[in-house]
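One file, work.csv, carrying CSV, C-alpha atoms:
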chain,number,residue,atom,x,y,z
A,1,MET,CA,0.0,0.0,0.0
A,2,LYS,CA,2.8,2.3,1.0
A,3,LYS,CA,4.8,1.4,-2.1
A,4,HIS,CA,1.8,2.2,-4.3
A,5,ARG,CA,1.4,5.6,-2.8
A,6,PHE,CA,5.1,6.3,-3.2
A,7,LEU,CA,4.9,5.3,-6.9
A,8,LYS,CA,1.9,7.5,-7.5
A,9,PHE,CA,3.7,10.4,-5.9
A,10,ILE,CA,6.7,9.9,-8.1
A,11,ILE,CA,4.6,9.6,-11.3
A,12,ALA,CA,2.7,12.8,-10.3
A,13,LEU,CA,5.9,14.7,-9.8
A,14,VAL,CA,7.3,13.5,-13.1
A,15,LEU,CA,4.1,14.6,-14.9
A,16,VAL,CA,4.0,18.0,-13.2
A,17,PHE,CA,7.7,18.8,-14.0
A,18,GLY,CA,7.4,17.3,-17.5
A,19,ILE,CA,4.5,19.6,-18.4
A,20,THR,CA,6.2,22.6,-16.8
A,21,LEU,CA,9.4,22.1,-18.8
A,22,MET,CA,7.4,21.7,-22.1
A,23,GLN,CA,6.2,25.3,-21.7
A,24,HIS,CA,9.5,26.9,-22.6
A,25,THR,CA,9.9,30.6,-23.0
A,26,PRO,CA,9.8,32.1,-26.5
A,27,ALA,CA,13.0,33.3,-28.1
A,28,ALA,CA,14.0,36.8,-27.1
A,29,VAL,CA,14.6,37.9,-30.7
A,30,ALA,CA,12.5,40.6,-32.3
A,31,ASP,CA,10.7,39.7,-35.4
A,32,VAL,CA,11.0,41.9,-38.5
A,33,PRO,CA,7.9,44.1,-38.2
A,34,LEU,CA,5.8,43.9,-41.2
A,35,ASP,CA,3.0,46.4,-40.8
A,36,GLY,CA,2.3,49.4,-38.7
A,37,ALA,CA,1.8,53.1,-38.8
A,38,GLY,CA,5.4,54.5,-38.9
A,39,THR,CA,6.5,57.7,-40.5
A,40,ASN,CA,9.1,58.7,-43.0
A,41,THR,CA,10.9,61.3,-41.0
A,42,VAL,CA,13.6,63.5,-42.6
A,43,HIS,CA,14.7,66.4,-40.5
A,44,ILE,CA,17.6,68.5,-41.9
A,45,ASP,CA,19.0,71.3,-39.9
A,46,ALA,CA,21.3,74.0,-41.5
A,47,THR,CA,23.0,77.0,-39.8
A,48,TYR,CA,24.5,80.0,-41.5
A,49,ASP,CA,26.5,83.0,-40.5
A,50,PRO,CA,26.4,86.0,-42.9
A,51,ALA,CA,29.3,87.8,-41.1
A,52,SER,CA,31.8,85.0,-41.7
A,53,ARG,CA,29.9,83.7,-44.8
A,54,THR,CA,30.0,80.1,-43.5
A,55,TYR,CA,27.3,77.5,-43.2
A,56,SER,CA,26.8,74.1,-41.8
A,57,ILE,CA,24.4,71.4,-43.0
A,58,ALA,CA,23.3,68.3,-41.2
A,59,GLY,CA,26.0,68.4,-38.6
A,60,MET,CA,28.8,68.9,-41.1
A,61,SER,CA,31.1,71.9,-40.8
A,62,PHE,CA,31.8,74.4,-43.5
A,63,GLU,CA,35.2,72.9,-44.1
A,64,GLN,CA,33.7,69.4,-44.5
A,65,LEU,CA,31.1,70.8,-47.0
A,66,GLN,CA,33.8,72.6,-49.0
A,67,ALA,CA,35.7,69.4,-49.3
A,68,MET,CA,32.5,67.9,-50.8
A,69,ASN,CA,32.6,70.7,-53.4
A,70,LEU,CA,29.4,72.4,-52.1
A,71,PRO,CA,29.3,75.9,-53.5
A,72,GLN,CA,29.9,79.2,-51.8
A,73,PHE,CA,26.9,81.5,-52.0
A,74,ASP,CA,26.9,84.8,-53.9
A,75,ASP,CA,26.3,88.2,-52.3
A,76,SER,CA,22.6,88.3,-53.1
A,77,THR,CA,22.0,84.9,-51.4
A,78,TRP,CA,23.8,86.0,-48.3
A,79,ASN,CA,21.8,89.3,-48.3
A,80,LEU,CA,18.6,87.3,-48.5
A,81,LEU,CA,19.6,84.9,-45.8
A,82,GLY,CA,20.6,87.9,-43.6
A,83,LEU,CA,16.9,88.9,-43.6
A,84,PHE,CA,15.9,85.9,-41.5
A,85,ASP,CA,16.9,84.6,-38.1
A,86,GLU,CA,15.1,81.4,-38.8
A,87,LEU,CA,13.3,79.8,-41.7
A,88,SER,CA,11.8,76.3,-41.8
A,89,VAL,CA,9.8,74.3,-44.3
A,90,LYS,CA,7.7,71.4,-43.1
A,91,ILE,CA,5.8,68.8,-45.2
A,92,ILE,CA,3.3,67.1,-42.9
A,93,GLY,CA,0.6,65.0,-44.5
A,94,ASN,CA,-1.3,67.0,-47.1
A,95,GLU,CA,0.2,70.4,-46.2
A,96,ILE,CA,3.4,72.4,-46.8
A,97,GLN,CA,4.1,74.9,-44.1
A,98,VAL,CA,6.7,77.7,-44.1
A,99,PHE,CA,7.7,79.3,-40.9
A,100,THR,CA,9.9,82.3,-40.3
A,101,ASN,CA,11.1,83.3,-36.9
A,102,GLU,CA,8.6,80.8,-35.4
A,103,THR,CA,5.7,82.5,-37.2
A,104,LYS,CA,3.7,80.6,-39.9
A,105,LEU,CA,4.4,82.5,-43.1
A,106,VAL,CA,2.7,80.3,-45.7
A,107,SER,CA,0.6,77.2,-45.7
A,108,MET,CA,0.0,75.4,-49.0
A,109,ALA,CA,-2.1,72.4,-49.8
A,110,PHE,CA,-0.1,69.4,-50.8
A,111,ASP,CA,-3.0,67.2,-51.8
A,112,GLU,CA,-3.3,64.7,-54.7
A,113,ASN,CA,-3.6,67.4,-57.4
A,114,ALA,CA,-0.6,69.3,-56.1
A,115,ARG,CA,1.4,66.1,-56.0
A,116,ILE,CA,0.4,65.1,-59.5
A,117,PHE,CA,1.6,68.5,-60.7
A,118,ILE,CA,5.0,67.9,-59.1
A,119,TYR,CA,5.3,64.4,-60.4
A,120,ASP,CA,4.6,65.8,-63.9
A,121,ILE,CA,7.3,68.4,-63.5
A,122,VAL,CA,9.8,65.9,-62.2
A,123,ASN,CA,9.0,63.5,-65.1
A,124,VAL,CA,10.1,66.2,-67.5
A,125,PHE,CA,13.6,66.0,-66.1
A,126,LEU,CA,13.7,62.2,-66.0
A,127,GLU,CA,14.9,61.1,-69.4
A,128,GLY,CA,13.2,57.9,-70.5
A,129,SER,CA,11.6,57.0,-67.1
A,130,ARG,CA,8.8,58.2,-65.0
A,131,ILE,CA,8.0,58.4,-61.3
A,132,ASP,CA,6.1,55.4,-59.9
A,133,ARG,CA,3.1,57.4,-58.6
A,134,SER,CA,1.9,54.7,-56.3
A,135,ARG,CA,5.3,54.4,-54.7
A,136,ALA,CA,5.7,58.1,-54.4
A,137,GLU,CA,2.3,58.3,-52.7
A,138,LYS,CA,3.4,55.6,-50.3
A,139,TRP,CA,6.4,57.7,-49.3
A,140,LEU,CA,4.5,61.0,-49.0
A,141,ASP,CA,1.5,59.6,-47.2
A,142,LYS,CA,3.8,59.1,-44.1
A,143,ALA,CA,6.1,62.0,-44.7
A,144,ASP,CA,7.3,64.1,-41.9
A,145,ILE,CA,9.9,66.3,-43.6
A,146,GLU,CA,11.4,69.4,-42.1
A,147,ILE,CA,14.1,71.6,-43.4
A,148,SER,CA,15.2,74.4,-41.1
A,149,LEU,CA,17.7,77.2,-41.6
A,150,ARG,CA,19.0,79.1,-38.6
A,151,ARG,CA,21.2,82.1,-38.4
A,152,SER,CA,23.9,80.9,-36.0
A,153,LYS,CA,27.6,80.3,-35.7
A,154,GLU,CA,26.9,77.0,-34.1
A,155,LEU,CA,27.3,73.7,-35.9
A,156,SER,CA,24.0,72.4,-37.3
A,157,SER,CA,22.3,69.3,-35.8
A,158,PRO,CA,22.9,66.0,-37.4
A,159,ILE,CA,20.4,64.8,-39.9
A,160,ASP,CA,17.4,62.9,-38.5
A,161,ILE,CA,16.3,60.1,-40.8
A,162,ASP,CA,13.8,57.5,-39.8
A,163,LEU,CA,12.1,55.8,-42.8
A,164,SER,CA,9.4,53.2,-42.2
A,165,THR,CA,8.7,52.8,-46.0
A,166,LEU,CA,11.2,50.4,-47.6
A,167,VAL,CA,13.5,51.8,-50.3
A,168,GLN,CA,12.8,49.5,-53.2
A,169,LEU,CA,16.0,48.4,-55.1
A,170,LYS,CA,15.7,46.3,-58.2
A,171,VAL,CA,18.4,44.4,-60.0
A,172,ASN,CA,17.4,43.6,-63.6
A,173,GLU,CA,18.5,40.4,-65.4
A,174,ASP,CA,21.5,42.3,-66.8
A,175,GLY,CA,22.5,43.6,-63.4
A,176,ALA,CA,21.3,47.1,-63.9
A,177,LEU,CA,20.2,48.7,-60.6
A,178,SER,CA,17.1,50.9,-60.2
A,179,ILE,CA,15.8,52.6,-57.1
A,180,GLU,CA,12.1,53.1,-56.7
A,181,GLY,CA,11.7,52.4,-60.4
A,182,LEU,CA,14.2,55.0,-61.5
A,183,PRO,CA,17.3,53.7,-63.3
A,184,THR,CA,20.5,54.7,-61.5
A,185,GLY,CA,22.9,54.1,-64.4
A,186,MET,CA,24.8,51.7,-62.1
A,187,ALA,CA,25.0,47.9,-62.2
A,188,ILE,CA,26.2,45.2,-59.8
A,189,GLN,CA,29.3,43.3,-60.8
A,190,PRO,CA,28.6,40.2,-63.1
A,191,GLU,CA,30.3,37.8,-60.6
A,192,VAL,CA,28.0,39.0,-57.8
A,193,LEU,CA,24.9,38.8,-60.0
A,194,GLU,CA,25.9,35.2,-61.0
A,195,MET,CA,26.4,34.3,-57.4
A,196,LEU,CA,23.0,35.6,-56.4
A,197,LYS,CA,21.3,33.8,-59.3
A,198,SER,CA,23.1,30.5,-58.6
A,199,ALA,CA,22.0,30.8,-55.0
A,200,ASN,CA,18.4,31.3,-56.1
A,201,ILE,CA,18.1,34.6,-54.3
A,202,GLU,CA,14.8,36.2,-55.4
A,203,ASN,CA,14.4,39.0,-52.8
A,204,ALA,CA,15.8,40.4,-49.6
A,205,LYS,CA,14.7,42.8,-47.0
A,206,ILE,CA,17.1,44.6,-44.7
A,207,CYS,CA,16.1,46.9,-41.9
A,208,TRP,CA,18.7,49.2,-40.2
A,209,ASN,CA,17.6,50.8,-37.0
A,210,LYS,CA,20.3,52.6,-35.0
A,211,GLY,CA,22.8,49.9,-35.4
A,212,VAL,CA,20.4,46.9,-35.3
A,213,ILE,CA,20.0,45.0,-38.5
A,214,ASN,CA,17.0,42.7,-39.1
A,215,GLY,CA,16.7,40.9,-42.4
A,216,GLU,CA,14.9,38.4,-44.5
A,217,VAL,CA,16.2,36.5,-47.5
A,218,ASN,CA,13.5,34.9,-49.8
A,219,GLY,CA,11.1,35.5,-47.0
A,220,ALA,CA,13.2,33.5,-44.4
A,221,GLN,CA,14.3,35.5,-41.4
A,222,ILE,CA,18.0,35.7,-40.6
A,223,PRO,CA,19.5,36.4,-37.2
A,224,GLN,CA,19.4,39.9,-35.8
A,225,ILE,CA,22.8,41.7,-35.9
A,226,THR,CA,23.7,44.6,-33.6
A,227,ILE,CA,26.7,46.7,-34.5
A,228,TYR,CA,28.0,49.0,-31.7
A,229,GLN,CA,29.4,52.4,-32.6
A,230,ASP,CA,32.6,52.0,-30.5
A,231,GLY,CA,33.1,48.5,-31.9
A,232,TRP,CA,32.7,49.8,-35.4
A,233,ALA,CA,35.5,52.3,-34.8
A,234,ILE,CA,37.8,49.4,-33.8
A,235,ILE,CA,37.0,47.4,-37.0
A,236,ASP,CA,37.3,50.5,-39.2
A,237,GLN,CA,40.7,51.4,-37.7
A,238,ALA,CA,42.1,47.8,-37.7
A,239,LEU,CA,41.0,46.9,-41.2
A,240,GLU,CA,41.9,50.3,-42.6
A,241,LEU,CA,38.4,50.7,-44.1
A,242,ASN,CA,38.6,54.5,-43.8
A,243,VAL,CA,34.8,54.7,-43.8
A,244,GLY,CA,35.2,57.8,-41.6
A,245,ASP,CA,32.6,59.2,-39.2
A,246,ILE,CA,29.4,57.3,-39.5
A,247,SER,CA,28.0,58.3,-36.1
A,248,THR,CA,24.9,59.9,-37.8
A,249,LEU,CA,24.1,56.5,-39.2
A,250,PHE,CA,23.7,55.2,-35.6
A,251,ASP,CA,20.9,57.7,-35.1
A,252,THR,CA,19.0,56.7,-38.3
A,253,GLY,CA,16.5,54.0,-39.3
A,254,PHE,CA,15.7,52.8,-42.8
A,255,GLY,CA,15.0,49.7,-44.8
A,256,LEU,CA,15.9,48.3,-48.2
A,257,GLY,CA,13.8,45.9,-50.2
A,258,LEU,CA,15.9,44.2,-52.9
A,259,VAL,CA,14.3,42.3,-55.7
A,260,LEU,CA,16.2,40.3,-58.4
A,261,GLY,CA,14.6,39.9,-61.8
A,262,ASP,CA,10.9,40.2,-62.3
A,263,GLY,CA,9.9,39.7,-58.7
A,264,ALA,CA,7.2,41.8,-57.0
A,265,PRO,CA,8.3,44.6,-54.7
A,266,ILE,CA,8.9,43.6,-51.1
A,267,ALA,CA,5.9,44.3,-48.9
A,268,GLY,CA,5.9,45.6,-45.4
A,269,GLU,CA,7.8,48.2,-43.5
A,270,CYS,CA,10.6,48.7,-41.0
A,271,LEU,CA,9.6,49.8,-37.6
A,272,PRO,CA,11.7,50.4,-34.5
B,1,MET,CA,8.6,-2.7,-7.6
B,2,SER,CA,12.2,-3.7,-8.3
B,3,ARG,CA,15.1,-2.0,-6.7
B,4,ALA,CA,16.5,-0.9,-10.1
B,5,LEU,CA,13.2,0.7,-11.1
B,6,LYS,CA,12.9,2.5,-7.8
B,7,ALA,CA,16.4,3.8,-8.1
B,8,PHE,CA,15.7,5.0,-11.6
B,9,LEU,CA,12.5,6.8,-10.6
B,10,ILE,CA,14.2,8.5,-7.6
B,11,ALA,CA,17.1,9.6,-9.9
B,12,ALA,CA,14.5,11.0,-12.4
B,13,VAL,CA,12.7,12.8,-9.6
B,14,VAL,CA,15.9,14.3,-8.3
B,15,ILE,CA,16.9,15.4,-11.8
B,16,MET,CA,13.5,16.9,-12.3
B,17,LEU,CA,13.6,18.7,-9.0
B,18,LEU,CA,17.0,20.1,-9.7
B,19,TYR,CA,15.9,21.2,-13.2
B,20,GLY,CA,12.8,22.7,-11.7
B,21,VAL,CA,14.9,24.9,-9.4
B,22,TYR,CA,17.1,25.8,-12.4
B,23,PHE,CA,14.0,26.6,-14.5
B,24,ALA,CA,12.5,28.6,-11.7
B,25,VAL,CA,15.6,30.8,-11.5
B,26,GLY,CA,15.3,31.6,-15.2
B,27,ARG,CA,17.5,29.0,-16.8
B,28,PRO,CA,20.8,30.9,-16.6
B,29,SER,CA,23.4,29.8,-19.2
B,30,ILE,CA,26.0,27.4,-17.8
B,31,PRO,CA,29.5,28.9,-18.4
B,32,LEU,CA,32.1,26.5,-19.7
B,33,PRO,CA,35.8,27.2,-19.1
B,34,ALA,CA,37.1,29.8,-21.6
B,35,ILE,CA,39.4,28.7,-24.4
B,36,ARG,CA,42.4,30.9,-25.2
B,37,TYR,CA,43.6,31.0,-28.7
B,38,PRO,CA,46.7,33.0,-29.8
B,39,VAL,CA,46.2,34.4,-33.3
B,40,PRO,CA,49.4,34.6,-35.3
B,41,ALA,CA,50.3,37.8,-37.2
B,42,GLY,CA,49.2,38.0,-40.8
B,43,GLN,CA,45.6,37.1,-40.3
B,44,ALA,CA,42.9,39.7,-40.8
B,45,ILE,CA,41.6,39.2,-37.2
B,46,HIS,CA,45.1,39.8,-35.8
B,47,LYS,CA,44.8,43.6,-36.7
B,48,VAL,CA,41.3,43.8,-35.1
B,49,ILE,CA,42.7,42.2,-31.9
B,50,GLN,CA,45.6,44.7,-31.9
B,51,GLY,CA,43.1,47.5,-32.2
B,52,THR,CA,41.4,46.6,-28.9
B,53,ASP,CA,42.4,48.2,-25.6
B,54,ASN,CA,43.9,45.1,-23.9
B,55,ASN,CA,45.1,43.2,-27.0
B,56,GLU,CA,42.4,40.7,-26.6
B,57,LEU,CA,39.1,39.8,-28.3
B,58,ARG,CA,36.4,37.7,-26.6
B,59,LEU,CA,33.9,35.7,-28.6
B,60,THR,CA,31.1,34.5,-26.4
B,61,LEU,CA,28.4,32.1,-27.6
B,62,ASP,CA,25.4,31.8,-25.4
B,63,THR,CA,23.4,28.9,-26.9
B,64,LYS,CA,20.3,30.7,-25.6
B,65,GLY,CA,20.6,32.6,-28.9
B,66,LYS,CA,23.4,35.1,-28.6
B,67,LEU,CA,26.8,35.5,-30.1
B,68,GLN,CA,28.9,38.4,-28.8
B,69,ILE,CA,32.2,39.8,-29.8
B,70,LEU,CA,33.6,41.9,-27.0
B,71,ASP,CA,36.5,44.2,-26.4
B,72,ALA,CA,37.8,44.5,-22.8
B,73,ASP,CA,34.7,46.3,-21.6
B,74,ALA,CA,32.8,47.2,-24.7
B,75,GLU,CA,30.6,45.2,-27.1
B,76,ILE,CA,31.7,45.3,-30.8
B,77,LEU,CA,29.1,43.1,-32.4
B,78,LYS,CA,26.1,41.0,-31.2
B,79,ILE,CA,24.1,38.4,-33.1
B,80,ASP,CA,20.8,37.2,-31.8
B,81,TYR,CA,19.4,34.0,-33.2
B,82,THR,CA,16.8,31.4,-32.8
B,83,PRO,CA,17.0,27.8,-34.0
B,84,GLU,CA,14.9,28.9,-37.0
B,85,THR,CA,17.0,31.9,-38.0
B,86,LEU,CA,20.1,29.8,-37.5
B,87,ALA,CA,18.8,27.1,-39.8
B,88,ASN,CA,17.9,29.8,-42.4
B,89,THR,CA,21.4,31.2,-42.2
B,90,ILE,CA,23.0,27.8,-42.6
B,91,ASP,CA,20.8,27.1,-45.6
B,92,LEU,CA,21.8,30.5,-47.0
B,93,ALA,CA,25.5,29.8,-46.4
B,94,LEU,CA,25.2,26.5,-48.2
B,95,ARG,CA,23.7,28.2,-51.2
B,96,PHE,CA,26.6,30.6,-51.4
B,97,THR,CA,29.4,28.0,-50.9
B,98,PRO,CA,31.4,27.5,-54.0
B,99,GLY,CA,31.5,24.2,-55.9
B,100,ASP,CA,29.3,21.2,-55.1
B,101,THR,CA,29.0,21.7,-51.4
B,102,GLU,CA,25.2,22.2,-51.4
B,103,ALA,CA,24.7,19.2,-53.7
B,104,ALA,CA,27.0,17.1,-51.5
B,105,TYR,CA,25.1,18.1,-48.4
B,106,GLU,CA,21.8,17.2,-50.1
B,107,GLN,CA,23.2,13.8,-51.0
B,108,PHE,CA,24.4,13.3,-47.4
B,109,VAL,CA,20.9,14.2,-46.1
B,110,ASP,CA,19.3,11.8,-48.6
B,111,ARG,CA,21.5,9.1,-47.3
B,112,TYR,CA,21.1,10.0,-43.6
B,113,PRO,CA,17.7,11.7,-43.4
B,114,ILE,CA,17.9,11.8,-39.6
B,115,TYR,CA,20.8,14.3,-39.7
B,116,PRO,CA,18.7,17.5,-40.1
B,117,LYS,CA,16.4,16.3,-37.4
B,118,LEU,CA,19.3,15.5,-35.1
B,119,THR,CA,21.0,19.0,-35.6
B,120,ASP,CA,17.6,20.6,-35.1
B,121,TYR,CA,17.1,18.6,-31.9
B,122,VAL,CA,20.6,19.5,-30.6
B,123,SER,CA,20.1,23.2,-31.5
B,124,ASN,CA,16.7,23.3,-29.7
B,125,LEU,CA,18.0,21.3,-26.7
B,126,PHE,CA,20.8,23.8,-26.0
B,127,PHE,CA,18.6,26.8,-27.0
B,128,ARG,CA,15.6,26.0,-24.9
B,129,PHE,CA,16.5,23.5,-22.2
B,130,LEU,CA,20.1,23.5,-21.3
B,131,PRO,CA,21.8,26.8,-22.5
B,132,LEU,CA,25.6,26.9,-22.3
B,133,ARG,CA,28.0,29.8,-22.5
B,134,ILE,CA,31.2,29.1,-24.4
B,135,SER,CA,33.9,31.7,-24.6
B,136,LEU,CA,36.9,31.9,-26.9
B,137,ILE,CA,39.5,34.5,-26.0
B,138,LEU,CA,41.6,35.5,-29.0
B,139,THR,CA,45.0,37.1,-28.3
B,140,ALA,CA,47.4,38.6,-30.8
B,141,THR,CA,50.8,37.0,-30.8
B,142,PRO,CA,53.6,39.6,-31.3
For the structure just supplied, provide its representation as structure tokens.
Amino acid sequence: MKKHRFLKFIIALVLVFGITLMQHTPAAVADVPLDGAGTNTVHIDATYDPASRTYSIAGMSFEQLQAMNLPQFDDSTWNLLGLFDELSVKIIGNEIQVFTNETKLVSMAFDENARIFIYDIVNVFLEGSRIDRSRAEKWLDKADIEISLRRSKELSSPIDIDLSTLVQLKVNEDGALSIEGLPTGMAIQPEVLEMLKSANIENAKICWNKGVINGEVNGAQIPQITIYQDGWAIIDQALELNVGDISTLFDTGFGLGLVLGDGAPIAGECLP
Amino acid sequence: MSRALKAFLIAAVVIMLLYGVYFAVGRPSIPLPAIRYPVPAGQAIHKVIQGTDNNELRLTLDTKGKLQILDADAEILKIDYTPETLANTIDLALRFTPGDTEAAYEQFVDRYPIYPKLTDYVSNLFFRFLPLRISLILTATP
């Protein structure tokens, strides 16, 4: 009798622990988010000093900008800039707003008709290609764009980019690369193209969010990679990559949807 | 009940109890002794090690799903994986390997179909039930 009770007790214990252990915790890896209500934020800050005739854009000094062959303004431009302490342009939803010295100067509708008008103007400058209107609408629907000019001797703030809409890259059969349907005139190397084809890569999705990379290849999720800013400096220095200062990149978020051949654009978004 | 069965059941209960306690405290990864490996000059990783503060690079694999590359006190790179994403990566790597590696692997799997199930089982065992922490310390030889 005593033996039977002991046996029942042991079986009960084994069952309880067995069931408990089966309920393992889920993996602590974030999924690539597919849908959501993110925004396409682009905030560009620029400062200028009419006295010294220097300016700074997106956190870059005048010297850095000069090294990039950005032009020096003429007298009339400096005189015009001298009239304002602050000037900002914002595109939010269906409206363009212009502020000067924190006062709303102009507000313009940026509705469908206005956008079509702008697409038509841009199409004139695009030789042999046209803006993909549905893609452009996708971008602008979630747009939060702000360009601000400030009269100051200070260095401007770094650019703030956070794009939830994927930038669509397409590689044609001949390797020609297009971005959002617009040809870039660039092509990937034939060896790389051949490698991608032989590996049957049809599409890929890469999301960069302040150093964290989430990705999918042919719809299959790959591990999440986190690159640390200090760590990147060590790799850059050791391998003599000379990439330079990419600290701004560690404050940005964006995603790429790569399609090879005639595949459909990658769906979904990148969300933080 | 035979003595052997009784001993087996008691051992099972003790193991279950111990694992229950281990589970209750959050299944911390069990650290294994670190392995030191001196990297000779001339290899690409040698320069990276020399770029660190204390001439040492630590690679830590936590089978709970984390691979870290660390400097003395700073993280350089981290990879978070699940058995599923790991399998996807291995599949992807096989596609990119030159030559007949993928075909040879497929032939091997056709011959031993239990192999993918076995690797999946091992991966899940150490990911979900018995996580281990394995460290490899790379030092640059002068």
For chain B versus chain A, which residues have an atom no more than 7 Å away, and what is each residue's nearest atom pair and distance in Å rounded to one decimal, using only C-alpha atoms, chain-then-number order, as a Markdown table?
| residue | atom | partner | partner_atom | distance |
| --- | --- | --- | --- | --- |
| B:Val13 | CA | A:Val14 | CA | 6.5 |
| B:Met16 | CA | A:Phe17 | CA | 6.3 |
| B:Gly20 | CA | A:Phe17 | CA | 6.8 |
| B:Lys47 | CA | A:Ala238 | CA | 5.1 |
| B:Val48 | CA | A:Ala238 | CA | 4.8 |
| B:Gly51 | CA | A:Ala238 | CA | 5.6 |
| B:Thr52 | CA | A:Ile234 | CA | 6.7 |
| B:Glu75 | CA | A:Gly231 | CA | 6.3 |
| B:Ile76 | CA | A:Gly231 | CA | 3.7 |
| B:Leu77 | CA | A:Ile227 | CA | 4.8 |
| B:Lys78 | CA | A:Thr226 | CA | 4.9 |
| B:Ile79 | CA | A:Ile225 | CA | 4.5 |
| B:Asp80 | CA | A:Gln224 | CA | 5.0 |
| B:Tyr81 | CA | A:Pro223 | CA | 4.7 |
| B:Thr82 | CA | A:Ala27 | CA | 6.3 |
| B:Thr85 | CA | A:Ile222 | CA | 4.7 |
| B:Leu86 | CA | A:Pro223 | CA | 6.6 |
| B:Asn88 | CA | A:Ile222 | CA | 6.2 |
| B:Thr89 | CA | A:Ile222 | CA | 5.9 |
| B:Arg95 | CA | A:Ala199 | CA | 4.9 |
| B:Phe96 | CA | A:Ala199 | CA | 5.8 |
| B:Arg128 | CA | A:His24 | CA | 6.6 |
CA of Leu260 in chain A to CA of Trp208 in chain A, distance in Å rounded to a single decimal: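 Distance between the two atoms: 20.4 Å.
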Distance in Å - CA of Ser29 in chain B versus CA of Tyr121 in chain B: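 So the answer is 18.1 Å.
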CA of Ala51 in chain A to CA of Asn79 in chain A, straight-line distance in Å: 10.5 Å
Which of A:Val124, A:Ala109, A:Ile147, A:Ile57 sits closest to Leu87 in chain A [using only C-alpha atoms]: A:Ile147
So that I can check the surroundings of range 39-41 of chain B, please list as a PyMOL selection string every protein, DNA and RNA residue that reaches within 12 Å of it, counting only C-alpha atoms and ignoring chain neighbours fewer than 2 positions away. chain B and resi 36-37+43-50+55-57+136-142
Shell around Tyr119 in chain A at 10 Å using all atoms listed in the file, local window under 3 positions removed, as number ranges by chain: A: 113-116, 122-124, 130-133, 136
I need the chosen residues saved as a short mmCIF file (atom, residue, chain, number, x, y, z; two decimals), in the frame of the given file, with C-alpha atoms.
data_model
loop_
_atom_site.label_atom_id
_atom_site.label_comp_id
_atom_site.auth_asym_id
_atom_site.auth_seq_id
_atom_site.Cartn_x
_atom_site.Cartn_y
_atom_site.Cartn_z
CA ASN A 113 -3.60 67.40 -57.40
CA ALA A 114 -0.60 69.30 -56.10
CA ARG A 115 1.40 66.10 -56.00
CA ILE A 116 0.40 65.10 -59.50
CA VAL A 122 9.80 65.90 -62.20
CA ASN A 123 9.00 63.50 -65.10
CA VAL A 124 10.10 66.20 -67.50
CA ARG A 130 8.80 58.20 -65.00
CA ILE A 131 8.00 58.40 -61.30
CA ASP A 132 6.10 55.40 -59.90
CA ARG A 133 3.10 57.40 -58.60
CA ALA A 136 5.70 58.10 -54.40
#
From the list B:Arg58, B:Leu118, B:Ala12, B:Gln68, which residue is nearest Pro38 in chain B when using all atoms listed in the file?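 With all atoms listed in the file as the atom set, the closest residue is B:Arg58.
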Using only C-alpha atoms, the shortest atom-to-atom distance to Asp62 in chain B among B:Glu102, B:Arg3, B:Asp91, B:Leu32 belongs to B:Leu32
Determine, counting all atoms listed in the file, every residue of protein, DNA or RNA that lies within 6 Å of (8.1, 50.3, -41.9) in the file coordinates, then give the result as a VMD selection string. chain A and resid 38 164 to 165 269 to 271
